[in-house]
$ cat start-v6.pdb   # PDB, C-alpha atoms
ATOM      1  CA  MET A   1     -21.726  -4.044   7.159
ATOM      2  CA  LYS A   2     -19.715  -3.067  10.256
ATOM      3  CA  ILE A   3     -16.073  -2.596   9.244
ATOM      4  CA  LEU A   4     -13.029  -1.959  11.443
ATOM      5  CA  ILE A   5     -10.176  -0.303   9.524
ATOM      6  CA  THR A   6      -6.683  -0.326  10.996
ATOM      7  CA  GLY A   7      -4.152   2.254   9.841
ATOM      8  CA  ALA A   8      -7.019   4.604   8.987
ATOM      9  CA  THR A   9      -4.867   7.724   9.522
ATOM     10  CA  GLY A  10      -2.160   6.506   7.137
ATOM     11  CA  PHE A  11      -1.380   7.481   3.550
ATOM     12  CA  LEU A  12      -3.763   4.879   2.105
ATOM     13  CA  GLY A  13      -6.009   4.465   5.145
ATOM     14  CA  ARG A  14      -7.592   7.908   4.934
ATOM     15  CA  ASP A  15      -8.896   7.238   1.429
ATOM     16  CA  VAL A  16     -10.015   3.691   2.217
ATOM     17  CA  ALA A  17     -11.890   4.778   5.355
ATOM     18  CA  SER A  18     -13.588   7.637   3.517
ATOM     19  CA  ARG A  19     -14.605   5.389   0.610
ATOM     20  CA  LEU A  20     -15.923   2.493   2.717
ATOM     21  CA  ALA A  21     -17.849   4.889   4.969
ATOM     22  CA  THR A  22     -20.068   5.778   2.002
ATOM     23  CA  GLU A  23     -21.543   2.257   2.071
ATOM     24  CA  HIS A  24     -20.780   0.760   5.474
ATOM     25  CA  GLU A  25     -20.639   1.498   9.193
ATOM     26  CA  VAL A  26     -16.936   2.160   9.674
ATOM     27  CA  THR A  27     -14.828   2.241  12.839
ATOM     28  CA  ALA A  28     -11.553   3.933  11.903
ATOM     29  CA  ALA A  29      -8.519   3.080  14.045
ATOM     30  CA  GLY A  30      -5.218   4.958  14.082
ATOM     31  CA  GLY A  31      -1.966   3.977  15.754
ATOM     32  CA  ARG A  32      -0.556   7.370  16.741
ATOM     33  CA  ALA A  33      -3.847   9.180  17.252
ATOM     34  CA  ALA A  34      -7.545   8.499  16.970
ATOM     35  CA  PRO A  35      -9.047   9.688  13.678
ATOM     36  CA  ALA A  36     -12.123  11.899  13.852
ATOM     37  CA  GLY A  37     -14.934   9.766  15.246
ATOM     38  CA  GLY A  38     -12.618   6.766  15.526
ATOM     39  CA  ILE A  39     -10.322   5.096  18.034
ATOM     40  CA  ARG A  40      -6.629   4.967  18.857
ATOM     41  CA  LEU A  41      -5.362   1.407  18.624
ATOM     42  CA  ASP A  42      -1.809   0.161  19.185
ATOM     43  CA  LEU A  43      -1.869  -3.128  17.307
ATOM     44  CA  ARG A  44       1.358  -4.223  18.990
ATOM     45  CA  ASP A  45      -0.586  -4.484  22.273
ATOM     46  CA  GLU A  46      -2.432  -7.800  22.039
ATOM     47  CA  GLY A  47      -4.796  -6.991  24.902
ATOM     48  CA  GLN A  48      -5.731  -3.656  23.382
ATOM     49  CA  LEU A  49      -6.337  -5.286  20.003
ATOM     50  CA  ARG A  50      -8.542  -8.022  21.459
ATOM     51  CA  SER A  51     -10.562  -5.425  23.384
ATOM     52  CA  ALA A  52     -11.063  -3.320  20.251
ATOM     53  CA  LEU A  53     -12.227  -6.338  18.270
ATOM     54  CA  ALA A  54     -14.679  -7.298  21.004
ATOM     55  CA  ALA A  55     -16.009  -3.738  21.416
ATOM     56  CA  SER A  56     -16.453  -3.013  17.697
ATOM     57  CA  ALA A  57     -17.743  -6.527  16.831
ATOM     58  CA  PRO A  58     -16.941  -6.023  13.142
ATOM     59  CA  ASP A  59     -18.370  -8.050  10.281
ATOM     60  CA  CYS A  60     -15.102  -7.289   8.473
ATOM     61  CA  VAL A  61     -11.637  -6.029   9.401
ATOM     62  CA  VAL A  62      -9.647  -4.191   6.720
ATOM     63  CA  HIS A  63      -6.085  -4.364   8.022
ATOM     64  CA  LEU A  64      -3.948  -1.583   6.511
ATOM     65  CA  ALA A  65      -1.579  -0.699   9.367
ATOM     66  CA  ALA A  66       2.068  -1.636   8.808
ATOM     67  CA  TYR A  67       5.661  -0.492   8.883
ATOM     68  CA  ARG A  68       6.136   0.218   5.168
ATOM     69  CA  GLU A  69       9.615   1.727   4.821
ATOM     70  CA  PRO A  70      11.880  -1.182   3.756
ATOM     71  CA  ASP A  71      15.094   0.410   5.058
ATOM     72  CA  VAL A  72      13.592   0.962   8.512
ATOM     73  CA  CYS A  73      12.254  -2.605   8.561
ATOM     74  CA  GLU A  74      15.644  -3.996   7.569
ATOM     75  CA  ASP A  75      17.232  -2.464  10.658
ATOM     76  CA  ALA A  76      14.488  -3.629  13.047
ATOM     77  CA  PRO A  77      13.166  -7.054  11.991
ATOM     78  CA  GLU A  78      11.607  -7.986  15.341
ATOM     79  CA  GLU A  79       9.817  -4.660  15.712
ATOM     80  CA  THR A  80       8.656  -4.980  12.099
ATOM     81  CA  ARG A  81       7.021  -8.326  12.843
ATOM     82  CA  ARG A  82       5.343  -6.883  15.962
ATOM     83  CA  LEU A  83       3.217  -4.697  13.678
ATOM     84  CA  ASN A  84       3.334  -6.360  10.266
ATOM     85  CA  THR A  85       2.793  -9.977  11.302
ATOM     86  CA  ALA A  86       1.802 -10.600  14.929
ATOM     87  CA  PRO A  87      -1.528  -8.680  14.888
ATOM     88  CA  VAL A  88      -2.765 -10.872  12.030
ATOM     89  CA  ALA A  89      -2.317 -13.944  14.206
ATOM     90  CA  VAL A  90      -4.341 -12.251  16.959
ATOM     91  CA  MET A  91      -7.097 -11.277  14.534
ATOM     92  CA  CYS A  92      -7.315 -14.763  13.079
ATOM     93  CA  GLY A  93      -7.775 -16.203  16.556
ATOM     94  CA  ALA A  94     -10.066 -13.519  17.999
ATOM     95  CA  LEU A  95     -12.495 -12.882  15.149
ATOM     96  CA  PRO A  96     -15.599 -15.106  14.995
ATOM     97  CA  PRO A  97     -15.713 -17.441  11.971
ATOM     98  CA  ALA A  98     -18.346 -15.331  10.194
ATOM     99  CA  ALA A  99     -16.233 -12.154  10.312
ATOM    100  CA  ARG A 100     -14.049 -11.459   7.289
ATOM    101  CA  LEU A 101     -10.408 -10.396   7.318
ATOM    102  CA  VAL A 102      -8.996  -8.257   4.502
ATOM    103  CA  PHE A 103      -5.208  -8.001   4.671
ATOM    104  CA  ILE A 104      -3.330  -5.484   2.533
ATOM    105  CA  SER A 105      -0.007  -6.870   1.323
ATOM    106  CA  THR A 106       2.679  -5.862  -1.154
ATOM    107  CA  ASP A 107       4.431  -6.700  -4.419
ATOM    108  CA  TYR A 108       7.594  -6.955  -2.289
ATOM    109  CA  VAL A 109       6.663 -10.546  -1.408
ATOM    110  CA  PHE A 110       8.214 -11.335  -4.830
ATOM    111  CA  ASP A 111      11.907 -11.209  -5.745
ATOM    112  CA  GLY A 112      11.432  -9.247  -8.977
ATOM    113  CA  GLU A 113      13.300 -11.670 -11.225
ATOM    114  CA  THR A 114      10.437 -13.314 -13.180
ATOM    115  CA  PRO A 115       7.565 -10.854 -13.673
ATOM    116  CA  PRO A 116       4.658 -10.612 -14.095
ATOM    117  CA  TYR A 117       3.573 -12.306 -10.868
ATOM    118  CA  ARG A 118       0.200 -13.978 -10.516
ATOM    119  CA  GLU A 119      -1.613 -14.633  -7.268
ATOM    120  CA  ASN A 120      -0.184 -18.172  -7.028
ATOM    121  CA  SER A 121       3.375 -17.323  -8.103
ATOM    122  CA  PRO A 122       6.135 -18.450  -5.700
ATOM    123  CA  ARG A 123       6.953 -15.755  -3.143
ATOM    124  CA  ARG A 124      10.591 -14.961  -2.387
ATOM    125  CA  ALA A 125      11.116 -11.671  -0.583
ATOM    126  CA  VAL A 126      14.471  -9.909  -0.853
ATOM    127  CA  ASN A 127      14.037  -7.835   2.317
ATOM    128  CA  VAL A 128      12.622  -7.991   5.846
ATOM    129  CA  TYR A 129       9.567  -5.939   4.925
ATOM    130  CA  GLY A 130       8.528  -8.401   2.221
ATOM    131  CA  GLN A 131       9.220 -11.407   4.436
ATOM    132  CA  SER A 132       7.078  -9.975   7.244
ATOM    133  CA  LYS A 133       4.226  -9.642   4.762
ATOM    134  CA  ILE A 134       4.669 -13.233   3.536
ATOM    135  CA  GLU A 135       4.364 -14.477   7.113
ATOM    136  CA  ALA A 136       1.220 -12.392   7.646
ATOM    137  CA  GLU A 137      -0.265 -13.571   4.330
ATOM    138  CA  ASP A 138       0.203 -17.190   5.385
ATOM    139  CA  LEU A 139      -1.701 -16.552   8.606
ATOM    140  CA  ALA A 140      -4.536 -14.759   6.833
ATOM    141  CA  LEU A 141      -4.875 -17.228   3.961
ATOM    142  CA  ARG A 142      -5.186 -20.183   6.338
ATOM    143  CA  ARG A 143      -8.365 -18.577   7.673
ATOM    144  CA  PRO A 144     -11.416 -19.419   5.525
ATOM    145  CA  GLY A 145     -12.900 -16.436   3.708
ATOM    146  CA  SER A 146      -9.947 -14.118   4.202
ATOM    147  CA  LEU A 147      -8.808 -11.803   1.426
ATOM    148  CA  VAL A 148      -5.200 -10.757   0.730
ATOM    149  CA  VAL A 149      -4.837  -7.759  -1.605
ATOM    150  CA  ARG A 150      -1.318  -7.213  -2.955
ATOM    151  CA  ILE A 151      -0.512  -3.691  -4.136
ATOM    152  CA  PRO A 152       2.692  -1.971  -5.367
ATOM    153  CA  LEU A 153       4.092   1.568  -5.046
ATOM    154  CA  LEU A 154       1.363   3.929  -3.828
ATOM    155  CA  VAL A 155       1.143   7.490  -5.135
ATOM    156  CA  GLY A 156      -1.257  10.319  -4.428
ATOM    157  CA  ALA A 157      -1.919  13.228  -2.124
ATOM    158  CA  GLY A 158      -1.616  12.935   1.631
ATOM    159  CA  PRO A 159      -3.219  15.345   4.109
ATOM    160  CA  SER A 160      -0.381  17.783   3.346
ATOM    161  CA  PHE A 161       2.215  18.228   0.629
ATOM    162  CA  GLU A 162       4.943  17.134   3.040
ATOM    163  CA  SER A 163       3.150  13.861   3.844
ATOM    164  CA  SER A 164       2.484  12.963   0.220
ATOM    165  CA  GLY A 165       5.344  10.503  -0.058
ATOM    166  CA  PHE A 166       6.675   9.622  -3.466
ATOM    167  CA  LEU A 167       5.111  12.477  -5.458
ATOM    168  CA  ALA A 168       6.302  15.061  -2.956
ATOM    169  CA  GLN A 169       9.814  13.599  -3.260
ATOM    170  CA  ILE A 170       9.696  13.911  -7.052
ATOM    171  CA  VAL A 171       8.462  17.509  -6.954
ATOM    172  CA  ARG A 172      11.222  18.435  -4.488
ATOM    173  CA  SER A 173      13.859  16.878  -6.724
ATOM    174  CA  LEU A 174      12.523  18.740  -9.758
ATOM    175  CA  ARG A 175      12.562  22.063  -7.892
ATOM    176  CA  ASP A 176      16.065  21.515  -6.505
ATOM    177  CA  PRO A 177      18.474  22.662  -9.251
ATOM    178  CA  SER A 178      21.492  20.782  -7.873
ATOM    179  CA  PRO A 179      22.812  17.865  -9.991
ATOM    180  CA  GLN A 180      21.030  14.594  -9.194
ATOM    181  CA  GLU A 181      20.718  10.989 -10.326
ATOM    182  CA  ALA A 182      17.461   9.068 -10.630
ATOM    183  CA  ASP A 183      17.304   5.295 -10.802
ATOM    184  CA  ALA A 184      16.700   4.020 -14.343
ATOM    185  CA  VAL A 185      16.910   0.302 -13.510
ATOM    186  CA  LEU A 186      14.249  -0.746 -11.005
ATOM    187  CA  ARG A 187      10.789  -0.852 -12.552
ATOM    188  CA  ARG A 188       7.804   0.124 -10.395
ATOM    189  CA  PHE A 189       4.081   0.286 -11.053
ATOM    190  CA  PRO A 190       2.781   3.501  -9.431
ATOM    191  CA  THR A 191      -0.801   3.066  -8.244
ATOM    192  CA  TRP A 192      -3.148   5.850  -7.146
ATOM    193  CA  ILE A 193      -4.400   5.546  -3.571
ATOM    194  CA  ARG A 194      -7.900   6.541  -4.706
ATOM    195  CA  ASP A 195      -7.920   3.651  -7.192
ATOM    196  CA  VAL A 196      -6.809   1.275  -4.440
ATOM    197  CA  ALA A 197      -9.616   2.511  -2.189
ATOM    198  CA  GLU A 198     -12.106   1.819  -4.978
ATOM    199  CA  ALA A 199     -10.600  -1.617  -5.608
ATOM    200  CA  ILE A 200     -10.860  -2.551  -1.915
ATOM    201  CA  ALA A 201     -14.477  -1.354  -1.780
ATOM    202  CA  PHE A 202     -15.208  -3.405  -4.907
ATOM    203  CA  LEU A 203     -13.600  -6.561  -3.513
ATOM    204  CA  VAL A 204     -15.266  -6.193  -0.104
ATOM    205  CA  GLY A 205     -18.616  -5.727  -1.816
ATOM    206  CA  ARG A 206     -18.037  -8.818  -3.943
ATOM    207  CA  GLY A 207     -17.092 -10.945  -0.934
ATOM    208  CA  ALA A 208     -13.813 -11.876  -2.649
ATOM    209  CA  SER A 209     -11.432 -14.233  -0.876
ATOM    210  CA  GLY A 210      -7.960 -15.654  -1.405
ATOM    211  CA  ALA A 211      -5.233 -13.500  -2.970
ATOM    212  CA  VAL A 212      -6.003 -10.715  -5.446
ATOM    213  CA  HIS A 213      -3.546  -8.399  -7.203
ATOM    214  CA  TYR A 214      -4.270  -4.748  -7.932
ATOM    215  CA  SER A 215      -1.742  -2.474  -9.622
ATOM    216  CA  GLY A 216      -1.352   0.476 -11.901
ATOM    217  CA  ALA A 217      -0.809  -0.629 -15.485
ATOM    218  CA  GLU A 218       2.372   1.346 -16.304
ATOM    219  CA  GLY A 219       5.829   0.027 -15.501
ATOM    220  CA  LEU A 220       8.173   2.976 -14.955
ATOM    221  CA  THR A 221      11.608   3.562 -13.494
ATOM    222  CA  ARG A 222      12.019   6.448 -11.086
ATOM    223  CA  TYR A 223      13.750   8.429 -13.845
ATOM    224  CA  GLU A 224      10.795   7.854 -16.196
ATOM    225  CA  MET A 225       8.391   8.986 -13.464
ATOM    226  CA  VAL A 226      10.470  12.126 -12.957
ATOM    227  CA  LEU A 227      10.268  12.891 -16.694
ATOM    228  CA  GLN A 228       6.497  12.367 -16.797
ATOM    229  CA  ALA A 229       5.940  14.492 -13.695
ATOM    230  CA  ALA A 230       8.153  17.248 -15.102
ATOM    231  CA  GLU A 231       6.173  17.253 -18.347
ATOM    232  CA  VAL A 232       2.875  17.635 -16.458
ATOM    233  CA  LEU A 233       4.231  20.293 -14.084
ATOM    234  CA  GLY A 234       6.229  22.228 -16.659
ATOM    235  CA  LEU A 235       9.493  21.887 -14.737
ATOM    236  CA  PRO A 236      13.028  21.386 -16.137
ATOM    237  CA  THR A 237      14.937  18.094 -15.848
ATOM    238  CA  ASP A 238      18.387  19.229 -17.058
ATOM    239  CA  HIS A 239      19.825  18.727 -13.570
ATOM    240  CA  ILE A 240      18.645  15.101 -13.286
ATOM    241  CA  ARG A 241      20.336  12.297 -15.165
ATOM    242  CA  PRO A 242      19.443   8.603 -15.328
ATOM    243  CA  SER A 243      21.500   6.185 -13.254
ATOM    244  CA  ALA A 244      22.279   2.830 -14.850
ATOM    245  CA  ARG A 245      23.225   1.378 -11.471
ATOM    246  CA  VAL A 246      20.922   0.577  -8.595
ATOM    247  CA  VAL A 247      21.491   3.095  -5.833
ATOM    248  CA  PRO A 248      22.689   1.111  -2.757
ATOM    249  CA  ARG A 249      20.228   1.118   0.139
ATOM    250  CA  ARG A 250      19.990  -0.824   3.385
ATOM    251  CA  ALA A 251      17.169  -3.015   2.086
ATOM    252  CA  ALA A 252      17.301  -4.621  -1.344
ATOM    253  CA  ARG A 253      14.426  -3.883  -3.752
ATOM    254  CA  PRO A 254      12.963  -6.215  -6.388
ATOM    255  CA  ARG A 255      14.073  -5.328  -9.912
ATOM    256  CA  ASP A 256      10.574  -5.671 -11.408
ATOM    257  CA  SER A 257       7.757  -7.045  -9.225
ATOM    258  CA  GLN A 258       4.909  -6.430 -11.680
ATOM    259  CA  LEU A 259       1.607  -7.813 -10.411
ATOM    260  CA  ALA A 260      -0.638  -9.488 -12.993
ATOM    261  CA  THR A 261      -4.147  -8.081 -12.588
ATOM    262  CA  ASP A 262      -6.116 -10.633 -14.635
ATOM    263  CA  ARG A 263      -8.192 -11.816 -11.682
ATOM    264  CA  ILE A 264      -9.579  -8.439 -10.624
ATOM    265  CA  ARG A 265     -10.150  -7.481 -14.264
ATOM    266  CA  ALA A 266     -12.118 -10.697 -14.784
ATOM    267  CA  MET A 267     -14.304  -9.706 -11.831
ATOM    268  CA  GLY A 268     -15.141  -6.483 -13.670
ATOM    269  CA  PHE A 269     -12.910  -3.883 -12.018
ATOM    270  CA  MET A 270     -11.264  -1.741 -14.692
ATOM    271  CA  ARG A 271     -10.078   1.453 -12.987
ATOM    272  CA  PHE A 272      -6.359   1.994 -13.683
ATOM    273  CA  THR A 273      -5.479   5.696 -13.659
ATOM    274  CA  PRO A 274      -2.331   6.612 -15.663
ATOM    275  CA  PHE A 275       0.573   8.119 -13.707
ATOM    276  CA  ARG A 276       0.364  11.440 -15.577
ATOM    277  CA  ASP A 277      -3.268  11.841 -14.499
ATOM    278  CA  VAL A 278      -2.343  11.142 -10.871
ATOM    279  CA  VAL A 279       0.311  13.874 -11.087
ATOM    280  CA  ARG A 280      -2.288  16.268 -12.523
ATOM    281  CA  SER A 281      -4.651  15.527  -9.627
ATOM    282  CA  PHE A 282      -1.805  15.982  -7.139
ATOM    283  CA  ALA A 283      -0.797  19.298  -8.701
ATOM    284  CA  ALA A 284      -4.381  20.560  -8.605
ATOM    285  CA  GLU A 285      -4.717  19.645  -4.935
ATOM    286  CA  PHE A 286      -1.523  21.447  -3.941
ATOM    287  CA  ALA A 287      -1.579  24.307  -6.423
ATOM    288  CA  GLY A 288       0.896  26.975  -5.375
ATOM    289  CA  ARG A 289       2.802  24.716  -3.005
TER
END

$ encode --input "start-v6.pdb" --output "structure tokens"
Amino acid sequence: MKILITGATGFLGRDVASRLATEHEVTAAGGRAAPAGGIRLDLRDEGQLRSALAASAPDCVVHLAAYREPDVCEDAPEETRRLNTAPVAVMCGALPPAARLVFISTDYVFDGETPPYRENSPRRAVNVYGQSKIEAEDLALRRPGSLVVRIPLLVGAGPSFESSGFLAQIVRSLRDPSPQEADAVLRRFPTWIRDVAEAIAFLVGRGASGAVHYSGAEGLTRYEMVLQAAEVLGLPTDHIRPSARVVPRRAARPRDSQLATDRIRAMGFMRFTPFRDVVRSFAAEFAGR
């Protein structure tokens, strides 16, 4: 199968592109720079996007590119929709009917008040980021054969320690001896990027359509994740105390947006790596950093 992957240089995109390339002919597209052997593609430029779709003639597009930082999105709603929503409309119109569209969405389409959320649960986003994804989901799901994969907090190793997102943040906080607070209210479901790459490959191979949820199985607050990471890494936590209040941020976060994973489990996908094991893999990759 010929697959075009957007956001292929991103935190998740690198793993997805590498995994799909083991079975398919992949064209990897990056927004800031062209990945090795791939193309540079600014999805906000409709003409450039249409040209890339015509030139690559994909059997499937796996659309990963997005603005993902909720606080940044909250301050720039129109720019957020230029990348998170508008390109999906272009793809739906430009792709031939036989080509598949796989859109990667988020647990932030839900308000976090009545978990767990199934694929057909009512969506009520509490921030601009989540709303932009709802609008894109609606476009994708109106197109026959499209697949929307909702995923939660992603964890894992980026190309460098500094670009490794959430786990790098936790390690920095553990190494910094100054007094700190860690949120002990909001519950997240950390999910390994390598597991997500496997799940996407599985769903693409199965020809799945509609909405599908994939998520790590453990619900943890940030404070609980800090404690687990510290245990694995052998680092002290005396300087970090749990916060019983939600730390104010520009964009609201759902309290608990747990995704029910019954559908993908029923299909036969059963890879759900525990958070501690992800931390061990991360530590092994950046030993000495």

$ resolve_selection --input "start-v6.pdb" --expression "the PyMOL selection byres ((chain A and resi 100-109) around 7)" --output "PDB file with C-alpha atoms, in the coordinates of the input"
ATOM      1  CA  ASP A  59     -18.370  -8.050  10.281  1.00  0.00           C
ATOM      2  CA  CYS A  60     -15.102  -7.289   8.473  1.00  0.00           C
ATOM      3  CA  VAL A  61     -11.637  -6.029   9.401  1.00  0.00           C
ATOM      4  CA  VAL A  62      -9.647  -4.191   6.720  1.00  0.00           C
ATOM      5  CA  HIS A  63      -6.085  -4.364   8.022  1.00  0.00           C
ATOM      6  CA  LEU A  64      -3.948  -1.583   6.511  1.00  0.00           C
ATOM      7  CA  ALA A  98     -18.346 -15.331  10.194  1.00  0.00           C
ATOM      8  CA  ALA A  99     -16.233 -12.154  10.312  1.00  0.00           C
ATOM      9  CA  PHE A 110       8.214 -11.335  -4.830  1.00  0.00           C
ATOM     10  CA  ASP A 111      11.907 -11.209  -5.745  1.00  0.00           C
ATOM     11  CA  ARG A 123       6.953 -15.755  -3.143  1.00  0.00           C
ATOM     12  CA  ARG A 124      10.591 -14.961  -2.387  1.00  0.00           C
ATOM     13  CA  ALA A 125      11.116 -11.671  -0.583  1.00  0.00           C
ATOM     14  CA  GLY A 130       8.528  -8.401   2.221  1.00  0.00           C
ATOM     15  CA  GLN A 131       9.220 -11.407   4.436  1.00  0.00           C
ATOM     16  CA  LYS A 133       4.226  -9.642   4.762  1.00  0.00           C
ATOM     17  CA  ILE A 134       4.669 -13.233   3.536  1.00  0.00           C
ATOM     18  CA  GLY A 145     -12.900 -16.436   3.708  1.00  0.00           C
ATOM     19  CA  SER A 146      -9.947 -14.118   4.202  1.00  0.00           C
ATOM     20  CA  LEU A 147      -8.808 -11.803   1.426  1.00  0.00           C
ATOM     21  CA  VAL A 148      -5.200 -10.757   0.730  1.00  0.00           C
ATOM     22  CA  VAL A 149      -4.837  -7.759  -1.605  1.00  0.00           C
ATOM     23  CA  ARG A 150      -1.318  -7.213  -2.955  1.00  0.00           C
ATOM     24  CA  ILE A 151      -0.512  -3.691  -4.136  1.00  0.00           C
ATOM     25  CA  PRO A 152       2.692  -1.971  -5.367  1.00  0.00           C
ATOM     26  CA  PRO A 254      12.963  -6.215  -6.388  1.00  0.00           C
ATOM     27  CA  SER A 257       7.757  -7.045  -9.225  1.00  0.00           C
ATOM     28  CA  LEU A 259       1.607  -7.813 -10.411  1.00  0.00           C
TER      29      LEU A 259
END

$ closest_residue --input "start-v6.pdb" --among "A:Pro144, A:Pro236, A:Gly219, A:Pro122" --to "Leu95 (chain A)" --atoms "only C-alpha atoms"
A:Pro144

$ resolve_selection --input "start-v6.pdb" --expression "the PyMOL selection byres ((chain A and resi 65-82) around 7)" --output "JSON, numbers by chain"
{"A": [6, 7, 44, 63, 64, 83, 84, 85, 86, 127, 128, 129, 132, 250, 251]}

$ atom_distance --input "start-v6.pdb" --atom1 "CA of Ile5 (chain A)" --atom2 "CA of Phe269 (chain A)"
22.0 Å

$ resolve_selection --input "start-v6.pdb" --expression "the PyMOL selection byres ((chain A and resi 161) around 12)" --output "ChimeraX atom specification"
/A:11,156-160,162-172,282-289

$ atom_distance --input "start-v6.pdb" --atom1 "CA of Thr27 (chain A)" --atom2 "CA of Ile3 (chain A)"
6.2 Å

$ closest_residue --input "start-v6.pdb" --among "A:Pro274, A:Pro58, A:Gly268, A:Pro87" --to "Ala28 (chain A)" --atoms "only C-alpha atoms"
A:Pro58

$ atom_distance --input "start-v6.pdb" --atom1 "CA of Leu53 (chain A)" --atom2 "CA of Asp195 (chain A)"
27.7 Å

$ closest_residue --input "start-v6.pdb" --among "A:Val212, A:Ala230, A:Val126, A:Arg188" --to "Ala252 (chain A)" --atoms "all atoms listed in the file"
A:Val126

$ residues_around --input "start-v6.pdb" --residues "region 46-48 of chain A" --least-positions-apart "5" --cutoff "12 Å" --atoms "only C-alpha atoms" --output "VMD selection string"
chain A and resid 29 31 39 to 41 53 to 55 82 to 83 86 to 91 93 to 94

$ residues_around --input "start-v6.pdb" --residues "Ala17 (chain A)" --least-positions-apart "3" --cutoff "9 Å" --atoms "only C-alpha atoms" --output "PDB file with C-alpha atoms, in the coordinates of the input"
ATOM      1  CA  ILE A   5     -10.176  -0.303   9.524  1.00  0.00           C
ATOM      2  CA  ALA A   8      -7.019   4.604   8.987  1.00  0.00           C
ATOM      3  CA  THR A   9      -4.867   7.724   9.522  1.00  0.00           C
ATOM      4  CA  LEU A  12      -3.763   4.879   2.105  1.00  0.00           C
ATOM      5  CA  GLY A  13      -6.009   4.465   5.145  1.00  0.00           C
ATOM      6  CA  ARG A  14      -7.592   7.908   4.934  1.00  0.00           C
ATOM      7  CA  LEU A  20     -15.923   2.493   2.717  1.00  0.00           C
ATOM      8  CA  ALA A  21     -17.849   4.889   4.969  1.00  0.00           C
ATOM      9  CA  THR A  22     -20.068   5.778   2.002  1.00  0.00           C
ATOM     10  CA  VAL A  26     -16.936   2.160   9.674  1.00  0.00           C
ATOM     11  CA  THR A  27     -14.828   2.241  12.839  1.00  0.00           C
ATOM     12  CA  ALA A  28     -11.553   3.933  11.903  1.00  0.00           C
ATOM     13  CA  ALA A 197      -9.616   2.511  -2.189  1.00  0.00           C
TER      14      ALA A 197
END

$ residues_around --input "start-v6.pdb" --residues "Leu220 (chain A)" --least-positions-apart "5" --cutoff "8 Å" --atoms "all atoms listed in the file" --output "list in words"
Arg187, Arg188, Phe189, Pro190 and Met225 of chain A

$ write_last_selection --input "start-v6.pdb" --atoms "C-alpha atoms" --output "mmCIF file, keeping the file's coordinate frame"
data_model
loop_
_atom_site.group_PDB
_atom_site.id
_atom_site.type_symbol
_atom_site.label_atom_id
_atom_site.label_comp_id
_atom_site.auth_asym_id
_atom_site.auth_seq_id
_atom_site.Cartn_x
_atom_site.Cartn_y
_atom_site.Cartn_z
ATOM 1 C CA ARG A 187 10.789 -0.852 -12.552
ATOM 2 C CA ARG A 188 7.804 0.124 -10.395
ATOM 3 C CA PHE A 189 4.081 0.286 -11.053
ATOM 4 C CA PRO A 190 2.781 3.501 -9.431
ATOM 5 C CA MET A 225 8.391 8.986 -13.464
#

$ residues_around --input "start-v6.pdb" --residues "Arg255 (chain A)" --least-positions-apart "3" --cutoff "7 Å" --atoms "only C-alpha atoms" --output "list in words"
Gly112, Glu113, Leu186 and Arg187 of chain A

$ axis_aligned_box --input "start-v6.pdb" --around "region 38-56 of chain A" --padding-each-side "5 Å" --output "AutoDock Vina command-line options"
--center_x -7.5 --center_y -0.6 --center_z 20.2 --size_x 27.8 --size_y 24.8 --size_z 19.4

$ build_atoms --input "start-v6.pdb" --residues "region 163-173 of chain A" --atoms "N, CA and C atoms" --output "PDB file, in the frame of the given file"
ATOM      1  N   SER A 163       3.462  15.260   3.529  1.00  0.00           N
ATOM      2  CA  SER A 163       3.150  13.861   3.844  1.00  0.00           C
ATOM      3  C   SER A 163       2.717  13.064   2.627  1.00  0.00           C
ATOM      4  N   SER A 164       2.976  13.601   1.440  1.00  0.00           N
ATOM      5  CA  SER A 164       2.484  12.963   0.220  1.00  0.00           C
ATOM      6  C   SER A 164       3.484  12.010  -0.425  1.00  0.00           C
ATOM      7  N   GLY A 165       4.475  11.609   0.343  1.00  0.00           N
ATOM      8  CA  GLY A 165       5.344  10.503  -0.058  1.00  0.00           C
ATOM      9  C   GLY A 165       6.050  10.690  -1.376  1.00  0.00           C
ATOM     10  N   PHE A 166       5.891   9.730  -2.251  1.00  0.00           N
ATOM     11  CA  PHE A 166       6.675   9.622  -3.466  1.00  0.00           C
ATOM     12  C   PHE A 166       6.520  10.845  -4.363  1.00  0.00           C
ATOM     13  N   LEU A 167       5.298  11.322  -4.570  1.00  0.00           N
ATOM     14  CA  LEU A 167       5.111  12.477  -5.458  1.00  0.00           C
ATOM     15  C   LEU A 167       5.736  13.741  -4.885  1.00  0.00           C
ATOM     16  N   ALA A 168       5.649  13.905  -3.577  1.00  0.00           N
ATOM     17  CA  ALA A 168       6.302  15.061  -2.956  1.00  0.00           C
ATOM     18  C   ALA A 168       7.815  14.982  -3.151  1.00  0.00           C
ATOM     19  N   GLN A 169       8.379  13.782  -3.040  1.00  0.00           N
ATOM     20  CA  GLN A 169       9.814  13.599  -3.260  1.00  0.00           C
ATOM     21  C   GLN A 169      10.197  14.009  -4.685  1.00  0.00           C
ATOM     22  N   ILE A 170       9.401  13.589  -5.658  1.00  0.00           N
ATOM     23  CA  ILE A 170       9.696  13.911  -7.052  1.00  0.00           C
ATOM     24  C   ILE A 170       9.617  15.413  -7.296  1.00  0.00           C
ATOM     25  N   VAL A 171       8.593  16.054  -6.760  1.00  0.00           N
ATOM     26  CA  VAL A 171       8.462  17.509  -6.954  1.00  0.00           C
ATOM     27  C   VAL A 171       9.649  18.228  -6.323  1.00  0.00           C
ATOM     28  N   ARG A 172      10.059  17.801  -5.133  1.00  0.00           N
ATOM     29  CA  ARG A 172      11.222  18.435  -4.488  1.00  0.00           C
ATOM     30  C   ARG A 172      12.471  18.292  -5.351  1.00  0.00           C
ATOM     31  N   SER A 173      12.665  17.099  -5.905  1.00  0.00           N
ATOM     32  CA  SER A 173      13.859  16.878  -6.724  1.00  0.00           C
ATOM     33  C   SER A 173      13.822  17.713  -7.995  1.00  0.00           C
TER      34      SER A 173
END
